[in-house]
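Asker: To be precise about what I am sending: the file is called entry-v1.cif and holds mmCIF, C-alpha atoms.
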data_run
loop_
_atom_site.group_PDB
_atom_site.id
_atom_site.type_symbol
_atom_site.label_atom_id
_atom_site.label_comp_id
_atom_site.auth_asym_id
_atom_site.auth_seq_id
_atom_site.Cartn_x
_atom_site.Cartn_y
_atom_site.Cartn_z
ATOM 1 C CA MET A 1185 -47.863 -0.641 -29.123
ATOM 2 C CA PRO A 1186 -44.124 -1.307 -29.017
ATOM 3 C CA PHE A 1187 -43.163 -4.733 -30.329
ATOM 4 C CA GLU A 1188 -40.068 -6.584 -31.458
ATOM 5 C CA VAL A 1189 -39.926 -9.161 -34.236
ATOM 6 C CA VAL A 1190 -36.837 -11.377 -34.056
ATOM 7 C CA ASN A 1191 -35.487 -14.177 -36.245
ATOM 8 C CA GLN A 1192 -34.513 -16.965 -33.829
ATOM 9 C CA ASN A 1193 -33.112 -19.207 -36.590
ATOM 10 C CA SER A 1194 -35.784 -21.902 -36.292
ATOM 11 C CA TYR A 1195 -38.759 -19.697 -35.433
ATOM 12 C CA ILE A 1196 -39.882 -16.058 -35.327
ATOM 13 C CA LEU A 1197 -40.319 -14.477 -31.895
ATOM 14 C CA ILE A 1198 -42.678 -11.505 -31.590
ATOM 15 C CA HIS A 1199 -42.299 -9.814 -28.230
ATOM 16 C CA LEU A 1200 -45.341 -7.690 -27.349
ATOM 17 C CA LYS A 1201 -44.556 -4.787 -25.032
ATOM 18 C CA GLY A 1202 -46.112 -1.698 -23.511
ATOM 19 C CA GLU A 1203 -49.719 -0.594 -23.977
ATOM 20 C CA CYS A 1204 -50.941 -3.657 -25.865
ATOM 21 C CA GLY A 1205 -54.557 -2.707 -25.180
ATOM 22 C CA ALA A 1206 -54.434 0.640 -26.946
ATOM 23 C CA ALA A 1207 -57.196 1.206 -29.489
ATOM 24 C CA THR A 1208 -54.915 0.888 -32.480
ATOM 25 C CA THR A 1209 -56.181 -0.463 -35.788
ATOM 26 C CA ASP A 1210 -52.802 -0.863 -37.510
ATOM 27 C CA THR A 1211 -49.510 -1.272 -35.658
ATOM 28 C CA GLY A 1212 -47.417 -2.474 -38.588
ATOM 29 C CA LEU A 1213 -46.880 -5.783 -36.831
ATOM 30 C CA LEU A 1214 -48.296 -7.900 -39.656
ATOM 31 C CA ASP A 1215 -46.283 -6.070 -42.299
ATOM 32 C CA ARG A 1216 -43.053 -6.426 -40.306
ATOM 33 C CA PHE A 1217 -43.742 -10.123 -39.747
ATOM 34 C CA GLN A 1218 -44.544 -10.861 -43.399
ATOM 35 C CA LEU A 1219 -41.312 -9.190 -44.504
ATOM 36 C CA LEU A 1220 -39.236 -11.272 -42.088
ATOM 37 C CA MET A 1221 -41.148 -14.431 -42.990
ATOM 38 C CA GLN A 1222 -40.388 -13.842 -46.674
ATOM 39 C CA GLU A 1223 -36.701 -13.263 -45.955
ATOM 40 C CA SER A 1224 -36.255 -16.176 -43.539
ATOM 41 C CA GLN A 1225 -38.741 -18.737 -44.883
ATOM 42 C CA LEU A 1226 -39.640 -19.554 -41.275
ATOM 43 C CA LYS A 1227 -43.124 -20.856 -40.551
ATOM 44 C CA TYR A 1228 -43.313 -21.037 -36.752
ATOM 45 C CA VAL A 1229 -44.206 -17.948 -34.710
ATOM 46 C CA ILE A 1230 -44.228 -17.373 -30.944
ATOM 47 C CA PHE A 1231 -45.847 -14.313 -29.347
ATOM 48 C CA GLN A 1232 -44.216 -13.535 -25.994
ATOM 49 C CA CYS A 1233 -46.981 -11.875 -23.958
ATOM 50 C CA SER A 1234 -45.424 -11.655 -20.487
ATOM 51 C CA GLU A 1235 -45.170 -7.828 -20.651
ATOM 52 C CA CYS A 1236 -48.599 -7.324 -22.202
ATOM 53 C CA SER A 1237 -51.554 -6.667 -19.880
ATOM 54 C CA SER A 1238 -54.259 -6.641 -22.577
ATOM 55 C CA ILE A 1239 -54.712 -6.462 -26.354
ATOM 56 C CA SER A 1240 -57.056 -4.514 -28.578
ATOM 57 C CA SER A 1241 -59.239 -5.908 -31.340
ATOM 58 C CA GLY A 1242 -56.944 -4.290 -33.916
ATOM 59 C CA ILE A 1243 -53.884 -6.075 -32.540
ATOM 60 C CA LEU A 1244 -55.813 -9.337 -32.345
ATOM 61 C CA ARG A 1245 -56.690 -9.005 -36.049
ATOM 62 C CA GLU A 1246 -52.993 -8.633 -36.862
ATOM 63 C CA ILE A 1247 -52.133 -11.689 -34.757
ATOM 64 C CA ALA A 1248 -54.871 -13.597 -36.569
ATOM 65 C CA GLY A 1249 -53.315 -12.389 -39.832
ATOM 66 C CA VAL A 1250 -49.973 -13.845 -38.743
ATOM 67 C CA HIS A 1251 -51.702 -17.149 -38.013
ATOM 68 C CA LYS A 1252 -53.311 -17.144 -41.457
ATOM 69 C CA SER A 1253 -49.944 -16.492 -43.150
ATOM 70 C CA VAL A 1254 -48.122 -19.377 -41.437
ATOM 71 C CA LYS A 1255 -51.095 -21.722 -41.713
ATOM 72 C CA SER A 1256 -50.843 -21.409 -45.502
ATOM 73 C CA VAL A 1257 -47.370 -22.971 -45.352
ATOM 74 C CA ASN A 1258 -48.252 -25.598 -42.705
ATOM 75 C CA GLY A 1259 -46.733 -23.541 -39.911
ATOM 76 C CA GLY A 1260 -48.089 -22.597 -36.507
ATOM 77 C CA VAL A 1261 -48.539 -19.846 -33.921
ATOM 78 C CA ARG A 1262 -48.294 -20.058 -30.144
ATOM 79 C CA LEU A 1263 -48.730 -17.498 -27.408
ATOM 80 C CA VAL A 1264 -46.496 -17.647 -24.340
ATOM 81 C CA SER A 1265 -47.386 -16.357 -20.857
ATOM 82 C CA ALA A 1266 -50.622 -14.623 -21.892
ATOM 83 C CA ASN A 1267 -52.641 -13.526 -18.857
ATOM 84 C CA LYS A 1268 -56.303 -14.265 -18.142
ATOM 85 C CA VAL A 1269 -57.510 -10.927 -19.555
ATOM 86 C CA ILE A 1270 -55.892 -11.658 -22.922
ATOM 87 C CA LEU A 1271 -57.024 -15.276 -22.991
ATOM 88 C CA ASP A 1272 -60.607 -14.351 -22.118
ATOM 89 C CA PHE A 1273 -60.649 -11.718 -24.872
ATOM 90 C CA ILE A 1274 -59.318 -14.216 -27.415
ATOM 91 C CA LYS A 1275 -61.945 -16.747 -26.341
ATOM 92 C CA ASN A 1276 -64.747 -14.191 -26.630
ATOM 93 C CA GLN A 1277 -63.611 -13.493 -30.183
ATOM 94 C CA GLY A 1278 -63.781 -17.216 -30.982
ATOM 95 C CA LEU A 1279 -60.043 -17.528 -31.657
ATOM 96 C CA ASP A 1280 -58.964 -19.611 -28.663
ATOM 97 C CA ARG A 1281 -58.605 -22.791 -30.737
ATOM 98 C CA LEU A 1282 -56.312 -21.014 -33.188
ATOM 99 C CA LEU A 1283 -54.218 -19.012 -30.723
ATOM 100 C CA VAL A 1284 -53.058 -21.544 -28.128
ATOM 101 C CA ASN A 1285 -51.246 -20.273 -25.038
ATOM 102 C CA LYS A 1286 -48.308 -22.078 -23.394
ATOM 103 C CA LEU A 1287 -46.807 -21.386 -19.988
ATOM 104 C CA SER A 1288 -43.233 -21.388 -21.251
ATOM 105 C CA LEU A 1289 -41.188 -20.799 -24.374
ATOM 106 C CA ARG A 1290 -39.998 -24.380 -24.240
ATOM 107 C CA GLY A 1291 -43.587 -25.598 -24.168
ATOM 108 C CA ALA A 1292 -44.237 -23.770 -27.440
ATOM 109 C CA LEU A 1293 -41.056 -25.148 -29.006
ATOM 110 C CA VAL A 1294 -42.086 -28.684 -28.057
ATOM 111 C CA ASP A 1295 -45.419 -28.164 -29.819
ATOM 112 C CA PHE A 1296 -43.524 -27.217 -32.980
ATOM 113 C CA GLY A 1297 -41.135 -30.148 -32.708
ATOM 114 C CA LEU A 1298 -38.203 -27.790 -32.106
ATOM 115 C CA ALA A 1299 -37.478 -29.146 -28.608
ATOM 116 C CA LYS A 1300 -37.831 -32.555 -27.009
ATOM 117 C CA SER A 1301 -40.704 -33.261 -24.658
ATOM 118 C CA LYS A 1302 -39.936 -34.375 -21.092
ATOM 119 C CA ASP A 1303 -36.226 -34.319 -21.637
ATOM 120 C CA PHE A 1304 -33.462 -31.851 -20.973
ATOM 121 C CA ASP A 1305 -30.468 -30.615 -22.909
ATOM 122 C CA ALA A 1306 -26.914 -30.435 -21.630
ATOM 123 C CA ASN A 1307 -27.374 -26.814 -20.592
ATOM 124 C CA PHE A 1308 -30.106 -27.873 -18.157
ATOM 125 C CA ILE A 1309 -27.575 -28.986 -15.543
ATOM 126 C CA ASN A 1310 -25.631 -25.715 -15.444
ATOM 127 C CA PRO A 1311 -28.278 -23.817 -13.437
ATOM 128 C CA PHE A 1312 -28.185 -26.595 -10.818
ATOM 129 C CA LEU A 1313 -24.400 -26.496 -10.640
ATOM 130 C CA ASN A 1314 -24.440 -22.724 -10.193
ATOM 131 C CA ALA A 1315 -27.347 -22.790 -7.743
ATOM 132 C CA THR A 1316 -25.793 -25.483 -5.545
ATOM 133 C CA ARG A 1317 -22.522 -23.602 -5.250
ATOM 134 C CA LYS A 1318 -24.310 -20.355 -4.418
ATOM 135 C CA VAL A 1319 -26.669 -21.882 -1.836
ATOM 136 C CA PHE A 1320 -23.845 -23.688 -0.034
ATOM 137 C CA LYS A 1321 -21.717 -20.556 -0.003
ATOM 138 C CA VAL A 1322 -24.470 -18.233 1.259
ATOM 139 C CA GLN A 1323 -26.466 -20.565 3.515
ATOM 140 C CA CYS A 1324 -23.855 -23.085 4.684
ATOM 141 C CA PHE A 1325 -20.749 -20.884 4.570
ATOM 142 C CA MET A 1326 -19.000 -23.598 2.559
ATOM 143 C CA GLU A 1327 -17.058 -23.472 -0.663
ATOM 144 C CA ILE A 1328 -17.813 -26.525 -2.804
ATOM 145 C CA THR A 1329 -16.206 -27.599 -6.068
ATOM 146 C CA PRO A 1330 -18.317 -29.293 -8.750
ATOM 147 C CA GLY A 1331 -16.936 -32.585 -10.050
ATOM 148 C CA LYS A 1332 -17.637 -33.938 -13.520
ATOM 149 C CA PRO A 1333 -21.355 -34.678 -14.048
ATOM 150 C CA PHE A 1334 -22.156 -38.109 -15.421
ATOM 151 C CA LEU A 1335 -25.152 -40.004 -16.715
ATOM 152 C CA LYS A 1336 -26.200 -42.683 -14.272
ATOM 153 C CA LYS A 1337 -26.500 -46.155 -15.818
ATOM 154 C CA GLU A 1338 -28.760 -48.948 -14.674
ATOM 155 C CA THR A 1339 -25.668 -50.949 -13.724
ATOM 156 C CA ASP A 1340 -24.368 -48.191 -11.430
ATOM 157 C CA PRO A 1341 -24.926 -48.646 -7.686
ATOM 158 C CA LEU A 1342 -27.485 -46.418 -6.003
ATOM 159 C CA LEU A 1343 -25.852 -43.447 -4.337
ATOM 160 C CA MET A 1344 -25.331 -43.895 -0.620
ATOM 161 C CA GLY A 1345 -26.005 -41.184 1.948
ATOM 162 C CA ASP A 1346 -26.944 -40.758 5.582
ATOM 163 C CA VAL A 1347 -29.511 -38.035 4.888
ATOM 164 C CA SER A 1348 -31.115 -36.853 1.655
ATOM 165 C CA GLY A 1349 -33.429 -34.087 0.542
ATOM 166 C CA ILE A 1350 -35.760 -34.749 -2.384
ATOM 167 C CA ILE A 1351 -38.076 -32.409 -4.270
ATOM 168 C CA SER A 1352 -40.137 -32.898 -7.419
ATOM 169 C CA ILE A 1353 -39.664 -30.718 -10.499
ATOM 170 C CA ASN A 1354 -42.620 -30.236 -12.840
ATOM 171 C CA SER A 1355 -43.226 -28.186 -15.973
ATOM 172 C CA GLU A 1356 -44.976 -28.440 -19.329
ATOM 173 C CA THR A 1357 -42.025 -30.261 -20.852
ATOM 174 C CA PHE A 1358 -40.141 -31.785 -17.923
ATOM 175 C CA ASN A 1359 -41.118 -33.834 -14.906
ATOM 176 C CA GLY A 1360 -38.650 -35.308 -12.482
ATOM 177 C CA THR A 1361 -36.912 -35.053 -9.136
ATOM 178 C CA LEU A 1362 -33.941 -33.301 -7.610
ATOM 179 C CA ALA A 1363 -32.196 -35.161 -4.802
ATOM 180 C CA ILE A 1364 -29.206 -34.159 -2.727
ATOM 181 C CA SER A 1365 -27.562 -36.951 -0.709
ATOM 182 C CA ILE A 1366 -25.117 -36.189 2.127
ATOM 183 C CA MET A 1367 -22.928 -38.362 4.344
ATOM 184 C CA GLU A 1368 -22.950 -37.711 8.101
ATOM 185 C CA PRO A 1369 -19.590 -35.851 8.393
ATOM 186 C CA ILE A 1370 -20.661 -33.386 5.703
ATOM 187 C CA PHE A 1371 -24.135 -33.029 7.211
ATOM 188 C CA ASN A 1372 -22.649 -32.281 10.644
ATOM 189 C CA LYS A 1373 -20.484 -29.541 9.121
ATOM 190 C CA ILE A 1374 -23.425 -28.057 7.200
ATOM 191 C CA ALA A 1375 -25.761 -28.147 10.208
ATOM 192 C CA SER A 1376 -23.123 -26.659 12.497
ATOM 193 C CA ASN A 1377 -22.509 -23.773 10.100
ATOM 194 C CA MET A 1378 -26.204 -23.083 9.519
ATOM 195 C CA LEU A 1379 -27.291 -23.334 13.153
ATOM 196 C CA GLY A 1380 -24.259 -21.723 14.735
ATOM 197 C CA GLU A 1381 -23.682 -24.609 17.141
ATOM 198 C CA GLU A 1382 -21.676 -27.808 17.021
ATOM 199 C CA ILE A 1383 -23.687 -30.715 15.608
ATOM 200 C CA LYS A 1384 -22.065 -34.113 16.109
ATOM 201 C CA THR A 1385 -24.723 -36.507 14.839
ATOM 202 C CA ILE A 1386 -27.834 -36.627 12.671
ATOM 203 C CA GLU A 1387 -31.004 -36.088 14.697
ATOM 204 C CA GLU A 1388 -34.604 -35.900 13.521
ATOM 205 C CA LYS A 1389 -34.891 -32.253 14.501
ATOM 206 C CA TYR A 1390 -32.045 -31.364 12.117
ATOM 207 C CA VAL A 1391 -32.826 -33.380 8.971
ATOM 208 C CA ASP A 1392 -35.250 -30.789 7.585
ATOM 209 C CA LEU A 1393 -32.188 -28.695 6.791
ATOM 210 C CA VAL A 1394 -31.357 -30.928 3.816
ATOM 211 C CA GLY A 1395 -34.885 -30.691 2.448
ATOM 212 C CA GLU A 1396 -34.669 -26.920 2.729
ATOM 213 C CA LEU A 1397 -31.316 -26.961 0.913
ATOM 214 C CA ALA A 1398 -32.912 -28.905 -1.956
ATOM 215 C CA ASN A 1399 -35.757 -26.380 -1.989
ATOM 216 C CA MET A 1400 -33.381 -23.405 -2.055
ATOM 217 C CA ILE A 1401 -31.234 -24.957 -4.788
ATOM 218 C CA LEU A 1402 -34.256 -25.527 -6.993
ATOM 219 C CA GLY A 1403 -35.553 -22.022 -6.262
ATOM 220 C CA GLN A 1404 -32.223 -20.497 -7.247
ATOM 221 C CA ALA A 1405 -31.909 -22.707 -10.348
ATOM 222 C CA LYS A 1406 -35.408 -21.713 -11.518
ATOM 223 C CA LEU A 1407 -34.220 -18.155 -12.107
ATOM 224 C CA GLU A 1408 -31.637 -19.322 -14.637
ATOM 225 C CA LEU A 1409 -33.893 -22.038 -16.065
ATOM 226 C CA MET A 1410 -36.447 -19.397 -17.045
ATOM 227 C CA SER A 1411 -33.934 -17.930 -19.496
ATOM 228 C CA LEU A 1412 -33.676 -21.377 -21.129
ATOM 229 C CA GLY A 1413 -37.418 -21.511 -21.670
ATOM 230 C CA TYR A 1414 -38.318 -23.766 -18.732
ATOM 231 C CA SER A 1415 -41.293 -22.808 -16.581
ATOM 232 C CA ILE A 1416 -40.684 -24.825 -13.419
ATOM 233 C CA GLN A 1417 -43.088 -25.599 -10.610
ATOM 234 C CA SER A 1418 -41.908 -27.338 -7.465
ATOM 235 C CA ALA A 1419 -43.529 -29.248 -4.614
ATOM 236 C CA LEU A 1420 -42.749 -29.483 -0.927
ATOM 237 C CA PRO A 1421 -39.409 -31.171 -0.214
ATOM 238 C CA SER A 1422 -39.104 -34.388 1.769
ATOM 239 C CA CYS A 1423 -36.229 -35.788 3.788
ATOM 240 C CA VAL A 1424 -34.992 -39.372 3.952
ATOM 241 C CA TRP A 1425 -32.420 -40.532 6.462
ATOM 242 C CA GLY A 1426 -30.939 -43.570 8.132
ATOM 243 C CA LYS A 1427 -27.467 -45.108 8.102
ATOM 244 C CA ASP A 1428 -26.440 -46.036 4.554
ATOM 245 C CA HIS A 1429 -29.943 -45.496 3.175
ATOM 246 C CA LYS A 1430 -30.401 -45.568 -0.573
ATOM 247 C CA VAL A 1431 -32.023 -42.897 -2.715
ATOM 248 C CA LYS A 1432 -34.019 -44.423 -5.537
ATOM 249 C CA HIS A 1433 -35.907 -42.469 -8.199
ATOM 250 C CA PHE A 1434 -39.120 -43.877 -9.592
ATOM 251 C CA GLY A 1435 -40.151 -43.529 -13.232
ATOM 252 C CA SER A 1436 -38.249 -43.839 -16.481
ATOM 253 C CA GLY A 1437 -35.833 -41.378 -17.989
ATOM 254 C CA GLN A 1438 -32.285 -40.164 -17.537
ATOM 255 C CA CYS A 1439 -30.543 -39.478 -14.250
ATOM 256 C CA ILE A 1440 -27.692 -36.970 -14.167
ATOM 257 C CA VAL A 1441 -25.360 -37.181 -11.163
ATOM 258 C CA LEU A 1442 -23.621 -34.002 -10.009
ATOM 259 C CA PRO A 1443 -20.787 -34.615 -7.521
ATOM 260 C CA PHE A 1444 -19.576 -31.758 -5.311
ATOM 261 C CA ILE A 1445 -16.323 -31.855 -3.383
ATOM 262 C CA THR A 1446 -16.305 -30.276 0.084
ATOM 263 C CA GLU A 1447 -13.689 -30.018 2.823
ATOM 264 C CA ALA A 1448 -15.524 -32.821 4.648
ATOM 265 C CA GLY A 1449 -15.960 -35.153 1.661
ATOM 266 C CA THR A 1450 -18.045 -35.497 -1.498
ATOM 267 C CA LEU A 1451 -21.797 -35.016 -1.658
ATOM 268 C CA TYR A 1452 -24.012 -35.890 -4.607
ATOM 269 C CA SER A 1453 -26.961 -34.320 -6.311
ATOM 270 C CA GLU A 1454 -29.158 -36.181 -8.790
ATOM 271 C CA ILE A 1455 -31.539 -34.814 -11.403
ATOM 272 C CA MET A 1456 -33.933 -37.434 -12.704
ATOM 273 C CA THR A 1457 -36.241 -36.995 -15.680
ATOM 274 C CA SER A 1458 -39.482 -38.899 -15.934
ATOM 275 C CA ASN A 1459 -42.115 -39.648 -18.556
ATOM 276 C CA SER A 1460 -44.855 -39.062 -16.008
ATOM 277 C CA VAL A 1461 -45.377 -36.826 -13.012
ATOM 278 C CA ALA A 1462 -42.383 -37.556 -10.847
ATOM 279 C CA GLY A 1463 -42.824 -39.184 -7.486
ATOM 280 C CA LEU A 1464 -40.598 -38.588 -4.508
ATOM 281 C CA ALA A 1465 -37.679 -40.890 -3.998
ATOM 282 C CA ALA A 1466 -38.347 -43.711 -1.568
ATOM 283 C CA PRO A 1467 -36.248 -44.797 1.425
ATOM 284 C CA SER A 1468 -35.080 -48.295 2.027
ATOM 285 C CA LYS A 1469 -36.888 -50.437 4.595
ATOM 286 C CA GLN A 1470 -34.236 -49.707 7.181
ATOM 287 C CA SER A 1471 -34.530 -45.929 6.890
ATOM 288 C CA GLN A 1472 -37.001 -43.430 8.237
ATOM 289 C CA GLN A 1473 -38.871 -40.664 6.405
ATOM 290 C CA LYS A 1474 -40.231 -37.292 7.358
ATOM 291 C CA VAL A 1475 -42.088 -34.919 5.073
ATOM 292 C CA SER A 1476 -41.533 -31.242 5.773
#
Show this structure as structure tokens.
Answerer:
Amino acid sequence: MPFEVVNQNSYILIHLKGECGAATTDTGLLDRFQLLMQESQLKYVIFQCSECSSISSGILREIAGVHKSVKSVNGGVRLVSANKVILDFIKNQGLDRLLVNKLSLRGALVDFGLAKSKDFDANFINPFLNATRKVFKVQCFMEITPGKPFLKKETDPLLMGDVSGIISINSETFNGTLAISIMEPIFNKIASNMLGEEIKTIEEKYVDLVGELANMILGQAKLELMSLGYSIQSALPSCVWGKDHKVKHFGSGQCIVLPFITEAGTLYSEIMTSNSVAGLAAPSKQSQQKVS
């Protein structure tokens, strides 16, 4: 069974690869781990199982040995992305309470206190910046320039837009919403480019385009977010429109505003964290809503 044991400064990552189910009694994994543990004095271990289809009893004994070693120094072990076959085997061996599986690397780090729960670091916004630029270039045939992101304060006015797309973002460690709010001149340009016909005003039959843009931006951002340890699930987007409607996020947490400059004006994207499962943003009383 090929494997890789890596010192990640604050924890040890053991990446299981290849034929993890081979009937091997001794892979050298435990010996390699104990040597690195002695050198590094690290006590937290994460087994990355995404490339492992199954494990043998011999490998499981070595993993249990790793757990025993770190438990003696008040450390911990987590599995990441183990499939049902592996989890069922671990449960049948009575080790499921010791070897806990998490959906994402970040989820495991939160358990160890090495990452914050339901919060995001500064690098979290970069995938959304990159994704928004790419989606607008490919889907809307528009070059957009990111402005300086800023943290929205309670005293700041709610962003104004004529049409907005909102989608919830959920994971083990982060719940929130992504909203993109667009004024009518920019929307008309986007819709005209995407549909190949001149659009002069916002109509109900066109507003779904903004919800789809939010969906595509999140889908593109998820690819980069995975490398940061976020396992993101998304819901169906919704659209809110109406002249000068206001986009308001529910729940507590931080709201990062990402401005983007276009040839037709500036549009805004918001990423809102929440301490509970995020709800969709709500329209004002004067606006209308349609769920796609």
Asker: Would you please work out which residue, of A:Val1319, A:Ala1375, A:Ala1419, A:Ile1309, is nearest to Pro1443 of chain A when using all atoms listed in the file?
Answerer: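 Using all atoms listed in the file, the shortest distance to Pro1443 of chain A belongs to A:Ile1309.
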Asker: Taking into account all atoms listed in the file, which residue in the set A:Ile1445, A:Ile1366, A:Ile1440, A:Leu1451 is nearest to Phe1308 of chain A?
Answerer: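 Under the stated criterion, the closest residue is A:Ile1440.
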Asker: Could you tell me which of A:Thr1329, A:Ser1355, A:Gln1404, A:Thr1316 comes closest to Gly1291 of chain A if we count all atoms listed in the file?
Answerer: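 Between A:Thr1329, A:Ser1355, A:Gln1404, A:Thr1316, the residue approaching Gly1291 of chain A most closely is A:Ser1355.
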Asker: Find, counting all atoms listed in the file, the residue in A:Glu1188, A:Ser1265, A:Phe1217, A:Ser1224 that gets nearest to Lys1252 of chain A.
Answerer: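 The shortest atom-to-atom distance to Lys1252 of chain A comes from A:Phe1217.
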Asker: Could you check how far atom CA of Val1394 of chain A sits from atom CA of Asn1359 of chain A, in Å to one decimal?
Answerer: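 Separating atom CA of Val1394 of chain A from atom CA of Asn1359 of chain A is a distance of 21.3 Å.
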Asker: For the atom pair atom CA of Gln1218 of chain A and atom CA of Ser1194 of chain A, what is the interatomic distance in Å to one decimal place?
Answerer: 15.8 Å
Asker: Expressed in Å to a single decimal, how great is the separation between atom CA of Pro1311 of chain A and atom CA of Leu1293 of chain A?
Answerer: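 Straight-line distance from atom CA of Pro1311 of chain A to atom CA of Leu1293 of chain A works out to 20.2 Å.
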Asker: Name the residues captured by the PyMOL selection byres ((chain A and resi 1245) around 12) when it is applied to the shown file; answer as a short mmCIF file (atom, residue, chain, number, x, y, z; two decimals) with C-alpha atoms, keeping the file's coordinate frame.
Answerer:
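Saved result, selection30.cif, follows:
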data_model
loop_
_atom_site.label_atom_id
_atom_site.label_comp_id
_atom_site.auth_asym_id
_atom_site.auth_seq_id
_atom_site.Cartn_x
_atom_site.Cartn_y
_atom_site.Cartn_z
CA THR A 1208 -54.92 0.89 -32.48
CA THR A 1209 -56.18 -0.46 -35.79
CA ASP A 1210 -52.80 -0.86 -37.51
CA THR A 1211 -49.51 -1.27 -35.66
CA GLY A 1212 -47.42 -2.47 -38.59
CA LEU A 1213 -46.88 -5.78 -36.83
CA LEU A 1214 -48.30 -7.90 -39.66
CA ILE A 1239 -54.71 -6.46 -26.35
CA SER A 1240 -57.06 -4.51 -28.58
CA SER A 1241 -59.24 -5.91 -31.34
CA GLY A 1242 -56.94 -4.29 -33.92
CA ILE A 1243 -53.88 -6.08 -32.54
CA LEU A 1244 -55.81 -9.34 -32.34
CA GLU A 1246 -52.99 -8.63 -36.86
CA ILE A 1247 -52.13 -11.69 -34.76
CA ALA A 1248 -54.87 -13.60 -36.57
CA GLY A 1249 -53.32 -12.39 -39.83
CA VAL A 1250 -49.97 -13.84 -38.74
CA HIS A 1251 -51.70 -17.15 -38.01
CA LYS A 1252 -53.31 -17.14 -41.46
CA ILE A 1274 -59.32 -14.22 -27.42
CA GLN A 1277 -63.61 -13.49 -30.18
CA GLY A 1278 -63.78 -17.22 -30.98
CA LEU A 1279 -60.04 -17.53 -31.66
CA LEU A 1283 -54.22 -19.01 -30.72
#
Asker: Is it possible to dump segment 1308-1323 of chain A as a PDB file, in the first residue's frame, including just N, CA and C atoms?
Answerer:
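Output saved as selection_14.pdb:
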ATOM      1  N   PHE A1308     -10.068  32.868   1.878  1.00  0.00           N
ATOM      2  CA  PHE A1308     -11.363  32.340   1.449  1.00  0.00           C
ATOM      3  C   PHE A1308     -11.948  33.158   0.306  1.00  0.00           C
ATOM      4  N   ILE A1309     -11.691  34.462   0.289  1.00  0.00           N
ATOM      5  CA  ILE A1309     -12.315  35.316  -0.722  1.00  0.00           C
ATOM      6  C   ILE A1309     -11.666  35.187  -2.094  1.00  0.00           C
ATOM      7  N   ASN A1310     -10.397  34.763  -2.135  1.00  0.00           N
ATOM      8  CA  ASN A1310      -9.700  34.703  -3.418  1.00  0.00           C
ATOM      9  C   ASN A1310     -10.376  33.774  -4.427  1.00  0.00           C
ATOM     10  N   PRO A1311     -10.845  32.595  -4.032  1.00  0.00           N
ATOM     11  CA  PRO A1311     -11.548  31.755  -5.008  1.00  0.00           C
ATOM     12  C   PRO A1311     -12.784  32.430  -5.600  1.00  0.00           C
ATOM     13  N   PHE A1312     -13.473  33.260  -4.803  1.00  0.00           N
ATOM     14  CA  PHE A1312     -14.653  33.955  -5.315  1.00  0.00           C
ATOM     15  C   PHE A1312     -14.264  35.082  -6.265  1.00  0.00           C
ATOM     16  N   LEU A1313     -13.171  35.752  -5.975  1.00  0.00           N
ATOM     17  CA  LEU A1313     -12.673  36.777  -6.891  1.00  0.00           C
ATOM     18  C   LEU A1313     -12.316  36.146  -8.236  1.00  0.00           C
ATOM     19  N   ASN A1314     -11.550  35.059  -8.179  1.00  0.00           N
ATOM     20  CA  ASN A1314     -11.119  34.388  -9.404  1.00  0.00           C
ATOM     21  C   ASN A1314     -12.304  33.804 -10.163  1.00  0.00           C
ATOM     22  N   ALA A1315     -13.240  33.197  -9.427  1.00  0.00           N
ATOM     23  CA  ALA A1315     -14.386  32.562 -10.071  1.00  0.00           C
ATOM     24  C   ALA A1315     -15.290  33.582 -10.748  1.00  0.00           C
ATOM     25  N   THR A1316     -15.500  34.728 -10.091  1.00  0.00           N
ATOM     26  CA  THR A1316     -16.373  35.756 -10.660  1.00  0.00           C
ATOM     27  C   THR A1316     -15.797  36.297 -11.954  1.00  0.00           C
ATOM     28  N   ARG A1317     -14.507  36.574 -11.949  1.00  0.00           N
ATOM     29  CA  ARG A1317     -13.862  37.062 -13.173  1.00  0.00           C
ATOM     30  C   ARG A1317     -13.980  36.040 -14.304  1.00  0.00           C
ATOM     31  N   LYS A1318     -13.746  34.780 -13.985  1.00  0.00           N
ATOM     32  CA  LYS A1318     -13.777  33.741 -15.015  1.00  0.00           C
ATOM     33  C   LYS A1318     -15.181  33.550 -15.565  1.00  0.00           C
ATOM     34  N   VAL A1319     -16.184  33.495 -14.681  1.00  0.00           N
ATOM     35  CA  VAL A1319     -17.564  33.281 -15.126  1.00  0.00           C
ATOM     36  C   VAL A1319     -18.034  34.436 -16.009  1.00  0.00           C
ATOM     37  N   PHE A1320     -17.722  35.668 -15.609  1.00  0.00           N
ATOM     38  CA  PHE A1320     -18.153  36.814 -16.412  1.00  0.00           C
ATOM     39  C   PHE A1320     -17.443  36.843 -17.761  1.00  0.00           C
ATOM     40  N   LYS A1321     -16.198  36.420 -17.780  1.00  0.00           N
ATOM     41  CA  LYS A1321     -15.461  36.420 -19.046  1.00  0.00           C
ATOM     42  C   LYS A1321     -15.997  35.349 -19.991  1.00  0.00           C
ATOM     43  N   VAL A1322     -16.240  34.149 -19.464  1.00  0.00           N
ATOM     44  CA  VAL A1322     -16.650  33.019 -20.305  1.00  0.00           C
ATOM     45  C   VAL A1322     -18.135  33.068 -20.644  1.00  0.00           C
ATOM     46  N   GLN A1323     -18.979  33.375 -19.646  1.00  0.00           N
ATOM     47  CA  GLN A1323     -20.421  33.306 -19.843  1.00  0.00           C
ATOM     48  C   GLN A1323     -21.042  34.619 -20.312  1.00  0.00           C
TER      49      GLN A1323
END
